[in-house]
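Some notes on the structure that comes next.
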Amino acid sequence: MTTILLRGLDDLESVAQEVLKHTQNSNIICFKGTMGAGKTTLIRAICEQLGVSDVVTSPTFALVNEYTSIKGNPVYHFDFYRIKNIEEVFDLGYEDYFYNPDALCLIEWPELIENLLPESGVIWVNINVNSNGTRTIVIE
């Protein structure tokens, strides 16, 4: 477990690099935090580190956005906040994404689909908003 204090936007690059260090044996990163905690902002910084040239936005209504890293690997960005039932995730074909060893899956609101995640190889990034506006990032 790694804990990082994110003081502001200037720290995002180093936090993104630290998160990516944990992906050696994993292709799924789950981001937990309250609405407005900075999940999408951190995912955008991670995509920048991967050399993604696309505009990174939250796929709140589409459920998934697909990007390509500078190495040509797919990066899937999920936002499950608006799912009404688990059938939507089955219809999406989540297995094709989650079990693609060449892809990186970045998941917002994973607690809504936690039973569908692989039993191992999942990294959890918890973003806690502090009273002074900083964020405490816990990587598990």
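Just so we're on the same page: first chain in the structure tokens is A, next is B, and so on; residues restart at 1 for each chain, and ligands are numbered from 1 in the order they show up.
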>> Env of A:Trp124: 9 Å cut, atoms = only C-alpha atoms, seq-sep filter 2 positions within chain, self excluded. Answer as a VMD selection string.
In response: chain A and resid 28 to 32 122 126 138 to 140
Export of prior selection with C-alpha atoms as a short mmCIF file (atom, residue, chain, number, x, y, z; two decimals), in the first residue's frame:
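Resulting contents of result.cif:
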data_model
loop_
_atom_site.label_atom_id
_atom_site.label_comp_id
_atom_site.auth_asym_id
_atom_site.auth_seq_id
_atom_site.Cartn_x
_atom_site.Cartn_y
_atom_site.Cartn_z
CA ILE A 28 -7.16 -2.95 -14.16
CA ILE A 29 -7.03 0.18 -12.01
CA CYS A 30 -10.14 1.02 -10.01
CA PHE A 31 -10.65 4.59 -8.78
CA LYS A 32 -12.82 5.21 -5.74
CA VAL A 122 -6.75 -5.28 -9.64
CA ASN A 126 -8.77 5.58 -3.23
CA VAL A 138 -4.08 5.45 -1.29
CA ILE A 139 -2.89 2.85 -3.82
CA GLU A 140 -3.58 -0.77 -2.94
#
> Quick one: residues within 12 Å of stretch 88-97 of chain A, only C-alpha atoms counted, chain neighbours fewer than 2 positions away excluded, as JSON, numbers by chain?
Replying inline: {"A": [27, 28, 61, 62, 63, 64, 65, 66, 74, 75, 76, 77, 78, 79, 80, 81, 82, 83, 84, 85, 86, 99, 100, 101, 102, 103, 104, 105, 106, 107, 110, 112, 113, 114, 115, 116, 117, 118]}
> DSSP says strand (DSSP E) for which residues of stretch 6-103 of chain A? Put them as a PyMOL selection string?
Replying inline: chain A and resi 6+28-32+64-68+74-79
Can those selected residues be exported to a file as a tab-separated table (two decimals), in the first residue's frame so that it contains N, CA and C atoms?
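Output (result07.tsv):
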chain	number	residue	atom	x	y	z
A	6	LEU	N	-1.68	14.62	-2.38
A	6	LEU	CA	-1.79	15.42	-3.60
A	6	LEU	C	-2.16	16.84	-3.16
A	28	ILE	N	-5.93	-3.61	-14.60
A	28	ILE	CA	-7.16	-2.95	-14.16
A	28	ILE	C	-6.83	-2.05	-12.97
A	29	ILE	N	-7.19	-0.77	-13.11
A	29	ILE	CA	-7.03	0.18	-12.01
A	29	ILE	C	-8.41	0.74	-11.69
A	30	CYS	N	-8.83	0.56	-10.45
A	30	CYS	CA	-10.14	1.02	-10.01
A	30	CYS	C	-9.97	2.28	-9.15
A	31	PHE	N	-10.74	3.31	-9.47
A	31	PHE	CA	-10.65	4.59	-8.78
A	31	PHE	C	-11.91	4.82	-7.95
A	32	LYS	N	-11.70	4.96	-6.64
A	32	LYS	CA	-12.82	5.21	-5.74
A	32	LYS	C	-12.67	6.60	-5.13
A	64	VAL	N	-17.93	3.67	-21.62
A	64	VAL	CA	-16.51	3.41	-21.88
A	64	VAL	C	-16.01	4.30	-23.02
A	65	ASN	N	-14.83	4.85	-22.83
A	65	ASN	CA	-14.10	5.54	-23.90
A	65	ASN	C	-12.85	4.73	-24.18
A	66	GLU	N	-12.48	4.67	-25.44
A	66	GLU	CA	-11.27	3.94	-25.82
A	66	GLU	C	-10.23	4.92	-26.33
A	67	TYR	N	-9.03	4.78	-25.79
A	67	TYR	CA	-7.89	5.58	-26.21
A	67	TYR	C	-6.78	4.63	-26.65
A	68	THR	N	-5.71	5.18	-27.20
A	68	THR	CA	-4.57	4.38	-27.59
A	68	THR	C	-3.32	5.01	-27.01
A	74	PRO	N	-4.40	-0.47	-26.30
A	74	PRO	CA	-5.66	0.16	-25.94
A	74	PRO	C	-5.70	0.53	-24.46
A	75	VAL	N	-6.33	1.66	-24.20
A	75	VAL	CA	-6.59	2.13	-22.84
A	75	VAL	C	-8.09	2.36	-22.77
A	76	TYR	N	-8.77	1.64	-21.88
A	76	TYR	CA	-10.22	1.74	-21.75
A	76	TYR	C	-10.54	2.51	-20.47
A	77	HIS	N	-11.37	3.51	-20.60
A	77	HIS	CA	-11.77	4.37	-19.47
A	77	HIS	C	-13.27	4.16	-19.24
A	78	PHE	N	-13.59	3.55	-18.11
A	78	PHE	CA	-14.98	3.24	-17.77
A	78	PHE	C	-15.49	4.19	-16.70
A	79	ASP	N	-16.77	4.51	-16.77
A	79	ASP	CA	-17.45	5.23	-15.70
A	79	ASP	C	-18.80	4.55	-15.50
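Within the 9 Å cut-off around A:Gly38, using only C-alpha atoms and omitting residues fewer than 6 positions from it on the same chain, the listed residues are Ile127, Val129 and Arg135 of chain A.
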Mind dumping the selected residues with N, CA and C atoms as a compact mmCIF listing (two decimals), in the first residue's frame?
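File again00.txt, as written:
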# COMPACT_ATOMS: atom_id res chain seq x y z
N ILE A 127 -9.28 7.93 -3.50
CA ILE A 127 -9.02 9.37 -3.45
C ILE A 127 -9.90 9.96 -2.36
N VAL A 129 -10.81 13.35 -0.17
CA VAL A 129 -10.73 14.80 -0.16
C VAL A 129 -10.55 15.27 1.28
N ARG A 135 -5.74 16.18 -1.49
CA ARG A 135 -6.26 14.83 -1.63
C ARG A 135 -5.25 13.84 -1.06
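Counting from atom CA of A:Val55, the distance to atom CA of A:Ser26 is 24.2 Å.
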Can you tell me, as a tab-separated table (two decimals) with N, CA and C atoms, in the first residue's frame, what residues are no more than 7 Å from A:Asn128 when counting only C-alpha atoms, ignoring any on the same chain fewer than 3 positions away?
chain	number	residue	atom	x	y	z
A	33	GLY	N	-13.78	7.28	-5.00
A	33	GLY	CA	-13.79	8.60	-4.39
A	33	GLY	C	-15.15	9.23	-4.58
A	37	ALA	N	-14.05	14.24	-6.51
A	37	ALA	CA	-12.78	13.97	-5.81
A	37	ALA	C	-11.57	14.10	-6.72
A	135	ARG	N	-5.74	16.18	-1.49
A	135	ARG	CA	-6.26	14.83	-1.63
A	135	ARG	C	-5.25	13.84	-1.06
A	136	THR	N	-5.75	12.85	-0.36
A	136	THR	CA	-4.91	11.75	0.07
A	136	THR	C	-5.21	10.59	-0.88
A	137	ILE	N	-4.19	10.12	-1.57
A	137	ILE	CA	-4.33	9.04	-2.54
A	137	ILE	C	-3.74	7.78	-1.90
Check chain A with DSSP on the backbone and list each residue it calls helix (DSSP H, G or I), as a PDB file with C-alpha atoms, in the first residue's frame.
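Here's the written file result23.pdb:
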ATOM      1  CA  LEU A   9      -2.580  20.039  -9.890  1.00  0.00           C
ATOM      2  CA  ASP A  10       1.212  20.422 -10.026  1.00  0.00           C
ATOM      3  CA  ASP A  11       1.514  17.058  -8.215  1.00  0.00           C
ATOM      4  CA  LEU A  12      -0.643  15.143 -10.715  1.00  0.00           C
ATOM      5  CA  GLU A  13       2.211  14.031 -12.974  1.00  0.00           C
ATOM      6  CA  SER A  14       4.141  12.398 -10.125  1.00  0.00           C
ATOM      7  CA  VAL A  15       0.993  10.790  -8.704  1.00  0.00           C
ATOM      8  CA  ALA A  16       0.120   9.385 -12.142  1.00  0.00           C
ATOM      9  CA  GLN A  17       3.641   7.971 -12.458  1.00  0.00           C
ATOM     10  CA  GLU A  18       3.332   6.354  -9.032  1.00  0.00           C
ATOM     11  CA  VAL A  19       0.007   4.733  -9.934  1.00  0.00           C
ATOM     12  CA  LEU A  20       1.498   3.351 -13.152  1.00  0.00           C
ATOM     13  CA  LYS A  21       4.420   1.821 -11.219  1.00  0.00           C
ATOM     14  CA  LYS A  39     -10.999  10.551 -10.444  1.00  0.00           C
ATOM     15  CA  THR A  40     -11.266  11.754 -14.043  1.00  0.00           C
ATOM     16  CA  THR A  41      -8.527  14.333 -13.513  1.00  0.00           C
ATOM     17  CA  LEU A  42      -6.138  11.651 -12.252  1.00  0.00           C
ATOM     18  CA  ILE A  43      -7.096   9.334 -15.114  1.00  0.00           C
ATOM     19  CA  ARG A  44      -6.370  12.176 -17.559  1.00  0.00           C
ATOM     20  CA  ALA A  45      -2.891  12.552 -15.994  1.00  0.00           C
ATOM     21  CA  ILE A  46      -2.297   8.793 -16.259  1.00  0.00           C
ATOM     22  CA  CYS A  47      -3.290   8.871 -19.930  1.00  0.00           C
ATOM     23  CA  GLU A  48      -0.847  11.738 -20.496  1.00  0.00           C
ATOM     24  CA  GLN A  49       1.902   9.585 -18.979  1.00  0.00           C
ATOM     25  CA  GLU A  87     -27.087  -6.279 -17.247  1.00  0.00           C
ATOM     26  CA  GLU A  88     -25.810  -3.092 -18.884  1.00  0.00           C
ATOM     27  CA  VAL A  89     -22.263  -4.179 -18.082  1.00  0.00           C
ATOM     28  CA  PHE A  90     -22.898  -7.661 -19.479  1.00  0.00           C
ATOM     29  CA  ASP A  91     -24.322  -6.093 -22.654  1.00  0.00           C
ATOM     30  CA  LEU A  92     -21.187  -3.963 -22.910  1.00  0.00           C
ATOM     31  CA  TYR A  94     -16.955  -6.285 -20.144  1.00  0.00           C
ATOM     32  CA  GLU A  95     -14.970  -9.546 -20.400  1.00  0.00           C
ATOM     33  CA  ASP A  96     -13.445  -8.432 -23.708  1.00  0.00           C
ATOM     34  CA  TYR A  97     -12.060  -5.380 -21.930  1.00  0.00           C
ATOM     35  CA  PHE A  98     -11.147  -6.712 -18.481  1.00  0.00           C
ATOM     36  CA  PRO A 110     -15.935   0.250  -9.582  1.00  0.00           C
ATOM     37  CA  GLU A 111     -17.907  -0.473  -6.419  1.00  0.00           C
ATOM     38  CA  LEU A 112     -21.018  -0.722  -8.629  1.00  0.00           C
ATOM     39  CA  GLU A 114     -17.150  -5.091  -8.006  1.00  0.00           C
ATOM     40  CA  ASN A 115     -18.494  -8.652  -8.367  1.00  0.00           C
ATOM     41  CA  LEU A 116     -17.456  -8.648 -12.045  1.00  0.00           C
TER      42      LEU A 116
END
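Put simply, atom CA of A:Gly36 is 22.1 Å away from atom CA of A:Asp54.
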> Could you name the residues that touch A:Ser69 at 7 Å or less, counting only C-alpha atoms, but leaving out those on the same chain fewer than 3 positions away, as a ChimeraX atom specification?
Replying inline: /A:50-52,72-75
Pull C-alpha atoms from the residues just selected and write them as a short mmCIF file (atom, residue, chain, number, x, y, z; two decimals), in the first residue's frame.
data_model
loop_
_atom_site.label_atom_id
_atom_site.label_comp_id
_atom_site.auth_asym_id
_atom_site.auth_seq_id
_atom_site.Cartn_x
_atom_site.Cartn_y
_atom_site.Cartn_z
CA LEU A 50 0.93 6.79 -21.39
CA GLY A 51 1.21 9.15 -24.34
CA VAL A 52 -2.51 9.14 -25.16
CA GLY A 72 -0.30 1.36 -29.61
CA ASN A 73 -2.00 -0.45 -26.72
CA PRO A 74 -5.66 0.16 -25.94
CA VAL A 75 -6.59 2.13 -22.84
#
> Any idea what the distance is between atom CA of A:Val56 and atom CA of A:Ile70?
Replying inline: 14.3 Å
